[in-house]
file data.cif (mmCIF, C-alpha atoms and all ligand atoms)
data_query
loop_
_atom_site.label_atom_id
_atom_site.label_comp_id
_atom_site.auth_asym_id
_atom_site.auth_seq_id
_atom_site.Cartn_x
_atom_site.Cartn_y
_atom_site.Cartn_z
CA MET A 1 0.00 0.00 0.00
CA GLU A 2 1.63 3.21 -1.20
CA GLU A 3 -0.05 5.19 1.59
CA PHE A 4 2.34 3.66 4.11
CA LYS A 5 5.59 3.56 2.14
CA ASN A 6 8.34 5.63 3.83
CA LYS A 7 5.80 6.91 6.35
CA VAL A 8 6.74 6.84 10.03
CA ALA A 9 4.59 4.79 12.40
CA TRP A 10 5.18 5.05 16.14
CA ILE A 11 3.59 2.16 18.01
CA THR A 12 3.27 1.96 21.79
CA GLY A 13 2.94 -1.52 23.27
CA ALA A 14 4.87 -2.89 20.29
CA SER A 15 6.56 -5.63 22.32
CA SER A 16 3.62 -8.03 22.08
CA GLY A 17 0.09 -8.73 20.88
CA ILE A 18 -1.73 -6.21 18.72
CA GLY A 19 1.15 -3.69 18.83
CA GLU A 20 3.65 -6.29 17.63
CA ALA A 21 1.28 -7.37 14.85
CA LEU A 22 0.73 -3.73 13.88
CA ALA A 23 4.51 -3.30 13.60
CA TYR A 24 4.73 -6.21 11.13
CA SER A 25 1.76 -4.93 9.11
CA TYR A 26 3.29 -1.46 8.81
CA ALA A 27 6.74 -2.93 8.04
CA LYS A 28 5.34 -5.12 5.25
CA LYS A 29 3.90 -1.99 3.67
CA GLY A 30 7.27 -0.26 3.68
CA ALA A 31 6.71 2.08 6.62
CA TYR A 32 9.51 3.18 8.95
CA LEU A 33 8.92 2.22 12.53
CA ILE A 34 9.43 3.39 16.07
CA LEU A 35 8.69 0.60 18.54
CA SER A 36 7.88 1.37 22.16
CA GLY A 37 7.29 -0.65 25.31
CA ARG A 38 9.22 -1.45 28.47
CA ASN A 39 10.56 -4.87 27.53
CA LYS A 40 13.69 -4.07 25.49
CA GLU A 41 14.49 -7.70 24.73
CA ALA A 42 11.03 -8.29 23.28
CA LEU A 43 11.25 -5.03 21.31
CA GLU A 44 14.59 -6.12 19.84
CA ALA A 45 13.02 -9.38 18.65
CA VAL A 46 10.17 -7.44 17.02
CA GLN A 47 12.68 -5.01 15.47
CA LYS A 48 14.63 -7.92 13.96
CA ASN A 49 11.47 -9.26 12.35
CA CYS A 50 10.42 -5.81 11.09
CA LEU A 51 13.82 -5.29 9.45
CA LEU A 52 13.06 -8.27 7.20
CA PHE A 53 10.46 -6.06 5.52
CA THR A 54 11.52 -2.44 6.04
CA ASP A 55 14.88 -0.62 6.06
CA LYS A 56 14.30 1.46 9.16
CA CYS A 57 13.08 0.48 12.57
CA GLU A 58 14.05 2.18 15.84
CA ILE A 59 13.42 1.16 19.42
CA LEU A 60 12.32 3.78 21.92
CA SER A 61 11.78 2.01 25.21
CA PHE A 62 10.02 3.83 28.03
CA ASP A 63 7.37 3.37 30.69
CA MET A 64 4.04 4.87 29.65
CA LEU A 65 3.36 5.63 33.33
CA ASP A 66 6.25 8.13 33.34
CA ILE A 67 4.20 10.96 31.85
CA GLN A 68 6.76 13.59 32.95
CA SER A 69 9.23 12.14 30.45
CA PHE A 70 6.92 12.47 27.44
CA LYS A 71 8.22 15.83 26.16
CA ASN A 72 11.74 14.41 25.79
CA ILE A 73 10.47 11.06 24.55
CA VAL A 74 8.43 12.68 21.77
CA ALA A 75 11.38 14.90 20.77
CA GLN A 76 13.51 11.76 20.60
CA ALA A 77 10.88 9.93 18.49
CA ASN A 78 10.65 12.85 16.08
CA SER A 79 14.43 13.06 15.77
CA TYR A 80 14.77 9.55 14.27
CA PHE A 81 13.18 10.38 10.91
CA GLY A 82 12.36 14.09 11.24
CA LYS A 83 8.62 13.37 11.36
CA ILE A 84 5.93 11.09 12.74
CA ASP A 85 3.03 10.17 10.47
CA PHE A 86 1.10 7.68 12.58
CA LEU A 87 0.88 7.58 16.36
CA CYS A 88 -0.59 4.24 17.43
CA ASN A 89 -1.77 4.60 21.03
CA ASN A 90 -1.92 0.90 21.77
CA ALA A 91 -0.17 0.13 25.10
CA GLY A 92 -2.64 -0.99 27.73
CA ILE A 93 -3.57 -3.35 30.52
CA SER A 94 -6.81 -5.16 31.26
CA GLN A 95 -8.38 -6.01 34.60
CA ARG A 96 -10.06 -8.99 36.25
CA SER A 97 -11.70 -8.03 39.55
CA LEU A 98 -15.13 -7.29 40.99
CA ILE A 99 -15.77 -3.63 41.86
CA VAL A 100 -16.55 -4.55 45.47
CA ASP A 101 -13.10 -6.10 45.90
CA THR A 102 -11.07 -3.51 44.00
CA PRO A 103 -9.25 -0.75 45.91
CA ILE A 104 -9.30 2.67 44.26
CA GLU A 105 -5.51 2.48 43.73
CA ILE A 106 -6.11 -0.26 41.15
CA ASP A 107 -8.73 1.87 39.36
CA ARG A 108 -6.20 4.72 39.24
CA LYS A 109 -3.44 2.43 37.98
CA VAL A 110 -5.56 1.15 35.09
CA MET A 111 -6.83 4.65 34.32
CA GLU A 112 -3.27 6.02 34.40
CA LEU A 113 -2.03 3.60 31.74
CA ASP A 114 -5.14 3.06 29.64
CA TYR A 115 -6.29 6.68 29.59
CA PHE A 116 -3.88 9.34 30.91
CA SER A 117 -0.77 7.95 29.25
CA GLN A 118 -2.46 7.97 25.81
CA VAL A 119 -3.74 11.47 26.41
CA GLY A 120 -0.35 12.67 27.66
CA LEU A 121 1.56 11.26 24.71
CA THR A 122 -0.95 12.63 22.22
CA LYS A 123 -0.75 16.13 23.73
CA GLU A 124 3.03 16.12 23.21
CA VAL A 125 2.80 14.78 19.64
CA LEU A 126 0.08 17.23 18.56
CA PRO A 127 2.34 20.30 18.17
CA TYR A 128 4.55 18.27 15.81
CA PHE A 129 1.51 17.19 13.80
CA GLN A 130 0.27 20.79 13.69
CA LYS A 131 3.67 22.00 12.52
CA GLN A 132 3.85 19.41 9.75
CA GLN A 133 0.11 19.92 9.02
CA SER A 134 -0.42 16.19 8.87
CA GLY A 135 -0.67 13.12 11.07
CA HIS A 136 -2.94 10.27 12.03
CA ILE A 137 -3.67 9.13 15.57
CA ILE A 138 -4.84 5.55 16.01
CA VAL A 139 -6.35 4.81 19.40
CA ILE A 140 -6.95 1.26 20.57
CA SER A 141 -10.07 1.40 22.73
CA SER A 142 -12.11 -1.82 23.05
CA VAL A 143 -15.65 -3.12 22.81
CA ALA A 144 -15.43 -2.50 26.58
CA GLY A 145 -15.34 1.17 25.50
CA LYS A 146 -18.82 0.63 24.05
CA TYR A 147 -20.40 -1.26 26.96
CA GLY A 148 -19.51 -2.08 30.56
CA PHE A 149 -18.39 -5.63 31.22
CA HIS A 150 -17.99 -7.90 34.26
CA TYR A 151 -14.65 -7.73 36.13
CA ARG A 152 -13.40 -4.89 33.93
CA SER A 153 -14.85 -1.78 35.63
CA ALA A 154 -11.73 0.42 35.50
CA TYR A 155 -10.68 -0.96 32.12
CA SER A 156 -14.11 -0.29 30.63
CA ALA A 157 -14.16 3.18 32.20
CA ALA A 158 -10.73 4.02 30.74
CA LYS A 159 -11.70 2.71 27.30
CA HIS A 160 -14.93 4.80 27.39
CA ALA A 161 -12.90 7.83 28.50
CA LEU A 162 -10.60 7.48 25.49
CA VAL A 163 -13.65 7.75 23.26
CA GLY A 164 -14.76 11.02 24.86
CA PHE A 165 -11.29 12.53 24.60
CA PHE A 166 -10.42 11.45 21.08
CA GLU A 167 -13.85 12.20 19.60
CA THR A 168 -13.44 15.71 20.98
CA LEU A 169 -9.93 15.93 19.53
CA ARG A 170 -11.29 14.93 16.12
CA LEU A 171 -13.77 17.83 16.28
CA GLU A 172 -11.06 20.28 17.30
CA LEU A 173 -8.88 19.16 14.38
CA LYS A 174 -11.61 19.42 11.76
CA ASP A 175 -9.85 22.18 9.80
CA ILE A 176 -6.43 20.47 9.72
CA PRO A 177 -5.57 17.22 7.90
CA ILE A 178 -4.86 15.36 11.14
CA TYR A 179 -7.00 12.24 11.52
CA VAL A 180 -8.21 10.20 14.47
CA THR A 181 -9.23 6.55 14.16
CA LEU A 182 -10.79 4.90 17.19
CA VAL A 183 -10.42 1.12 17.15
CA TYR A 184 -12.75 -1.12 19.17
CA PRO A 185 -11.33 -4.66 19.17
CA GLY A 186 -13.44 -7.47 20.56
CA ARG A 187 -11.55 -10.60 21.54
CA ILE A 188 -8.13 -10.83 20.00
CA HIS A 189 -5.80 -13.73 20.74
CA THR A 190 -3.02 -12.01 22.72
CA ASN A 191 -1.64 -12.22 26.26
CA ILE A 192 -3.99 -9.48 27.48
CA SER A 193 -5.91 -11.70 29.91
CA ILE A 194 -2.64 -13.17 31.26
CA ASN A 195 -1.26 -9.67 31.84
CA ALA A 196 -4.54 -8.33 33.30
CA ILE A 197 -4.38 -6.88 36.81
CA LYS A 198 -6.33 -8.32 39.75
CA ALA A 199 -7.71 -6.54 42.84
CA ASP A 200 -4.48 -7.19 44.78
CA GLY A 201 -2.33 -5.75 41.97
CA THR A 202 -0.98 -9.12 40.81
CA GLN A 203 -1.40 -10.58 37.34
CA HIS A 204 -4.48 -12.64 36.43
CA GLY A 205 -2.01 -15.03 34.79
CA ILE A 206 -4.64 -16.98 32.86
CA MET A 207 -5.33 -17.20 29.15
CA ASP A 208 -9.11 -16.85 29.31
CA GLU A 209 -11.07 -19.28 27.19
CA ALA A 210 -12.77 -16.52 25.20
CA GLN A 211 -9.41 -14.79 24.64
CA GLU A 212 -7.89 -17.97 23.32
CA LYS A 213 -10.72 -18.26 20.79
CA GLY A 214 -10.29 -14.63 19.72
CA ILE A 215 -9.18 -13.63 16.25
CA ALA A 216 -5.46 -13.61 15.48
CA ALA A 217 -3.53 -10.42 16.23
CA ASP A 218 -2.13 -10.25 12.69
CA LEU A 219 -5.64 -10.32 11.22
CA CYS A 220 -6.66 -7.58 13.65
CA ALA A 221 -3.64 -5.49 12.61
CA GLU A 222 -4.42 -5.90 8.91
CA LYS A 223 -8.00 -4.77 9.52
CA ILE A 224 -6.72 -1.76 11.45
CA LEU A 225 -4.40 -0.68 8.62
CA LYS A 226 -7.16 -1.17 6.06
CA GLY A 227 -9.34 1.18 8.09
CA VAL A 228 -6.51 3.63 8.70
CA ARG A 229 -5.84 3.79 4.96
CA LYS A 230 -9.48 4.75 4.45
CA LYS A 231 -9.22 7.26 7.33
CA LYS A 232 -12.13 5.56 9.09
CA VAL A 233 -13.25 7.31 12.25
CA GLU A 234 -14.31 4.06 13.92
CA LEU A 235 -13.32 0.42 13.49
CA LEU A 236 -15.04 -2.51 15.16
CA ILE A 237 -12.94 -5.67 14.96
CA GLY A 238 -14.06 -9.06 16.25
CA ARG A 239 -16.72 -11.70 15.88
CA GLU A 240 -19.95 -12.43 17.79
CA GLU A 241 -19.00 -10.07 20.65
CA LEU A 242 -19.67 -7.18 18.25
CA ILE A 243 -23.36 -8.14 18.23
CA LEU A 244 -23.61 -6.56 21.69
CA VAL A 245 -22.45 -3.22 20.28
CA TYR A 246 -25.15 -3.23 17.58
CA MET A 247 -27.75 -4.58 19.97
CA LYS A 248 -27.06 -1.79 22.46
CA ARG A 249 -27.33 0.79 19.68
CA TRP A 250 -30.53 -0.47 18.04
CA PHE A 251 -32.31 -2.62 20.67
CA PRO A 252 -31.17 -1.29 24.08
CA ALA A 253 -33.92 -3.00 26.09
CA LEU A 254 -32.96 -6.38 24.63
CA TYR A 255 -29.26 -5.62 25.11
CA TYR A 256 -29.63 -4.92 28.86
CA LYS A 257 -31.30 -8.34 29.34
CA PHE A 258 -28.93 -10.21 27.04
CA VAL A 259 -25.63 -8.85 28.39
CA LEU A 260 -26.38 -10.33 31.84
CA LYS A 261 -26.15 -13.78 30.28
CA VAL A 262 -22.82 -13.32 28.50
CA LYS A 263 -19.99 -15.39 30.00
CA PRO A 264 -17.36 -12.97 31.36
CA ASN A 265 -14.23 -14.90 30.41
N1 LIG A 301 -6.50 -8.54 23.06
C1 LIG A 301 -7.74 -8.11 23.09
O1 LIG A 301 -8.70 -8.91 23.06
C2 LIG A 301 -8.03 -6.64 23.15
C3 LIG A 301 -9.36 -6.23 23.00
C4 LIG A 301 -9.66 -4.89 23.05
C5 LIG A 301 -8.65 -3.97 23.23
N2 LIG A 301 -7.37 -4.38 23.38
C6 LIG A 301 -6.34 -3.37 23.58
O2 LIG A 301 -5.26 -3.58 22.72
C7 LIG A 301 -4.09 -3.00 23.28
C8 LIG A 301 -2.94 -3.99 23.18
O3 LIG A 301 -3.23 -5.10 24.00
P1 LIG A 301 -2.81 -6.61 23.63
O4 LIG A 301 -4.05 -7.39 23.52
O5 LIG A 301 -1.85 -6.60 22.52
O6 LIG A 301 -2.14 -7.07 25.02
P2 LIG A 301 -0.63 -7.37 25.43
O7 LIG A 301 -0.08 -8.43 24.56
O8 LIG A 301 -0.67 -7.60 26.90
O9 LIG A 301 0.16 -6.03 25.09
C9 LIG A 301 0.15 -4.92 25.94
C10 LIG A 301 1.27 -4.00 25.52
O10 LIG A 301 1.22 -2.83 26.35
C11 LIG A 301 2.55 -2.54 26.80
N3 LIG A 301 2.54 -1.93 28.13
C12 LIG A 301 1.91 -2.37 29.24
N4 LIG A 301 2.21 -1.58 30.27
C13 LIG A 301 3.07 -0.63 29.82
C14 LIG A 301 3.75 0.45 30.42
N5 LIG A 301 3.61 0.75 31.72
N6 LIG A 301 4.57 1.20 29.65
C15 LIG A 301 4.73 0.93 28.34
N7 LIG A 301 4.11 -0.08 27.70
C16 LIG A 301 3.29 -0.85 28.45
C17 LIG A 301 3.25 -3.90 26.86
O11 LIG A 301 4.65 -3.72 26.67
P3 LIG A 301 5.77 -3.90 27.80
O12 LIG A 301 5.35 -5.02 28.68
O13 LIG A 301 7.01 -4.16 26.98
O14 LIG A 301 5.85 -2.59 28.50
C18 LIG A 301 2.64 -4.64 25.68
O15 LIG A 301 3.40 -4.42 24.51
C19 LIG A 301 -4.46 -2.61 24.71
O16 LIG A 301 -4.73 -1.23 24.77
C20 LIG A 301 -5.73 -3.39 24.97
O17 LIG A 301 -6.55 -2.79 25.92
C21 LIG A 301 -7.03 -5.71 23.33
#
call {"tool": "encode", "arguments": {"input": "data.cif", "output": "structure tokens", "more": "lines below"}}
Ligand SMILES: NC(=O)c1ccc[n+]([C@@H]2O[C@H](COP(=O)([O-])OP(=O)(O)OC[C@H]3O[C@@H](n4cnc5c(N)ncnc54)[C@H](OP(=O)(O)O)[C@@H]3O)[C@@H](O)[C@H]2O)c1
result
Amino acid sequence: MEEFKNKVAWITGASSGIGEALAYSYAKKGAYLILSGRNKEALEAVQKNCLLFTDKCEILSFDMLDIQSFKNIVAQANSYFGKIDFLCNNAGISQRSLIVDTPIEIDRKVMELDYFSQVGLTKEVLPYFQKQQSGHIIVISSVAGKYGFHYRSAYSAAKHALVGFFETLRLELKDIPIYVTLVYPGRIHTNISINAIKADGTQHGIMDEAQEKGIAADLCAEKILKGVRKKKVELLIGREELILVYMKRWFPALYYKFVLKVKPN
């Protein structure tokens, strides 16, 4: 796809799952890459694979919770290729705990990574996009950003919050060719449930049955890039779990009865 050739894509959470798959999809289309995450070893493995398809791929490892560092981080990202064309706000963590058991510190932790870090990074990238009068922000929300779901109260809240923020940003950018695509994946086969946080702050550590049956991350990434190429404002990616989104929109009374019966994991 010519749209991506020699364009710069910066992907957060590129060390695994959807972010890793996005890196390969961009690389195969000839994009230059900046890969971010905390796990340098994993990022190096992804970089090696990307370099099979593209000439340029940098690693910029940092903790998304260190919002104070973002000004320098963004300057560093921009310095690699002199521009950033796509910012993929993908890093995130899920949750598995009942509200009644979950201390507020856990809610804040999830919100900090899944909402504030994306917002913080975007705010630092925006001036660069405005200066170059171009750019495309891809935000990975979730179907949990469309409806609340058992054991994922803070996660669902953060994913809903992203929608409010980035839909507003899209309005504010209406006169500039800077685009925002909100992605709502359903169940994608990644380690997200294993890495999910529990009420006591430890990892869930389990590949949930539904997660395991989810669509492959590389298919998800291809669908994202197809939508990005078309500058779609919204992308729903998944299988039967998407029915809930349409049901809530068109038949809310039915949805509120039906969702109670859906197996959480
Ligand atoms: N899989 C699904 O079914 C699904 C569905 C809807 C939405 N999503 C969303 O898709 C995105 C990617 O998730 P995934 O499924 O690919 O899960 P994953 O395999 O667990 O990937 C999560 C990524 O986030 C990064 N990350 C986590 N904490 C970080 C931190 N403090 N600083 C920097 N990076 C951090 C991780 O990198 P490091 O460990 O190297 O830091 C990792 O690359 C998330 O936003 C998730 O909410 C996934």
call {"tool": "residues_around", "arguments": {"input": "data.cif", "residues": "Gly238 (chain A)", "least_positions_apart": "4", "cutoff": "10 Å", "atoms": "all atoms listed in the file", "output": "VMD selection string"}}
result
chain A and resid 143 184 to 188 214 to 216 219 to 220 242 to 243
call {"tool": "axis_aligned_box", "arguments": {"input": "data.cif", "around": "ligand LIG 301 (chain A)", "padding_each_side": "3 Å", "output": "lines of an AutoDock Vina configuration file"}}
result
center_x = -1.3
center_y = -3.9
center_z = 27.1
size_x = 22.7
size_y = 16.1
size_z = 15.2
call {"tool": "residues_around", "arguments": {"input": "data.cif", "residues": "region 113-122 of chain A", "least_positions_apart": "4", "cutoff": "7 Å", "atoms": "only C-alpha atoms", "output": "list in words"}}
result
Met64, Leu65, Ile67, Phe70, Asn89, Gly92, Ile93, Lys109, Leu126, Ala158, Lys159, Ala161 and Leu162 of chain A
call {"tool": "closest_residue", "arguments": {"input": "data.cif", "among": "A:Gln95, A:Thr181, A:Asn78, A:Ser15", "to": "ligand LIG 301 (chain A)", "atoms": "all atoms listed in the file"}}
result
A:Ser15
call {"tool": "residues_near_ligand", "arguments": {"input": "data.cif", "ligand": "ligand LIG 301 (chain A)", "cutoff": "6 Å", "atoms": "only C-alpha atoms and all ligand atoms", "output": "ChimeraX atom specification"}}
result
/A:13-19,37-39,63-65,90-94,140-142,185-192,195
call {"tool": "residues_near_point", "arguments": {"input": "data.cif", "point": "(4.8, 16.1, 20.4)", "cutoff": "10 Å", "atoms": "all atoms listed in the file", "output": "NGL selection string"}}
result
:A and (70-78 or 84 or 120-131)
call {"tool": "atom_distance", "arguments": {"input": "data.cif", "atom1": "CA of Phe258 (chain A)", "atom2": "CA of Val245 (chain A)"}}
result
11.7 Å
call {"tool": "closest_residue", "arguments": {"input": "data.cif", "among": "A:Val46, A:Thr202, A:Phe149, A:Gly135", "to": "Lys261 (chain A)", "atoms": "only C-alpha atoms"}}
result
A:Phe149
call {"tool": "closest_residue", "arguments": {"input": "data.cif", "among": "A:Ile197, A:Cys50, A:Ile224, A:Ala157", "to": "Leu236 (chain A)", "atoms": "all atoms listed in the file"}}
result
A:Ile224
call {"tool": "build_atoms", "arguments": {"input": "data.cif", "residues": "region 144-157 of chain A", "atoms": "N, CA, C and O atoms", "output": "compact mmCIF listing (two decimals), in the coordinates of the input"}}
result
# COMPACT_ATOMS: atom_id res chain seq x y z
N ALA A 144 -15.14 -2.92 25.21
CA ALA A 144 -15.43 -2.50 26.58
C ALA A 144 -15.48 -0.96 26.67
O ALA A 144 -15.80 -0.42 27.73
N GLY A 145 -15.15 -0.28 25.59
CA GLY A 145 -15.34 1.17 25.50
C GLY A 145 -16.71 1.51 24.91
O GLY A 145 -17.07 2.67 24.74
N LYS A 146 -17.46 0.46 24.57
CA LYS A 146 -18.82 0.63 24.05
C LYS A 146 -19.86 0.19 25.06
O LYS A 146 -20.99 0.63 25.04
N TYR A 147 -19.49 -0.80 25.91
CA TYR A 147 -20.40 -1.26 26.96
C TYR A 147 -19.59 -1.74 28.16
O TYR A 147 -18.46 -2.20 28.01
N GLY A 148 -20.18 -1.60 29.35
CA GLY A 148 -19.51 -2.08 30.56
C GLY A 148 -19.50 -3.59 30.57
O GLY A 148 -20.38 -4.23 29.99
N PHE A 149 -18.48 -4.17 31.22
CA PHE A 149 -18.39 -5.63 31.22
C PHE A 149 -17.81 -6.14 32.53
O PHE A 149 -16.88 -5.56 33.08
N HIS A 150 -18.39 -7.29 32.99
CA HIS A 150 -17.99 -7.90 34.26
C HIS A 150 -16.47 -7.90 34.48
O HIS A 150 -15.73 -8.23 33.56
N TYR A 151 -16.06 -7.65 35.69
CA TYR A 151 -14.65 -7.73 36.13
C TYR A 151 -13.72 -6.72 35.45
O TYR A 151 -12.51 -6.82 35.61
N ARG A 152 -14.27 -5.81 34.67
CA ARG A 152 -13.40 -4.89 33.93
C ARG A 152 -13.85 -3.44 34.14
O ARG A 152 -13.83 -2.64 33.20
N SER A 153 -14.26 -3.10 35.39
CA SER A 153 -14.85 -1.78 35.63
C SER A 153 -13.90 -0.64 35.26
O SER A 153 -14.27 0.26 34.49
N ALA A 154 -12.67 -0.68 35.77
CA ALA A 154 -11.73 0.42 35.50
C ALA A 154 -11.29 0.40 34.04
O ALA A 154 -11.15 1.45 33.40
N TYR A 155 -11.09 -0.80 33.52
CA TYR A 155 -10.68 -0.96 32.12
C TYR A 155 -11.76 -0.38 31.20
O TYR A 155 -11.46 0.42 30.29
N SER A 156 -12.99 -0.77 31.45
CA SER A 156 -14.11 -0.29 30.63
C SER A 156 -14.24 1.23 30.76
O SER A 156 -14.48 1.93 29.76
N ALA A 157 -14.07 1.73 31.98
CA ALA A 157 -14.16 3.18 32.20
C ALA A 157 -13.07 3.91 31.41
O ALA A 157 -13.33 4.93 30.76
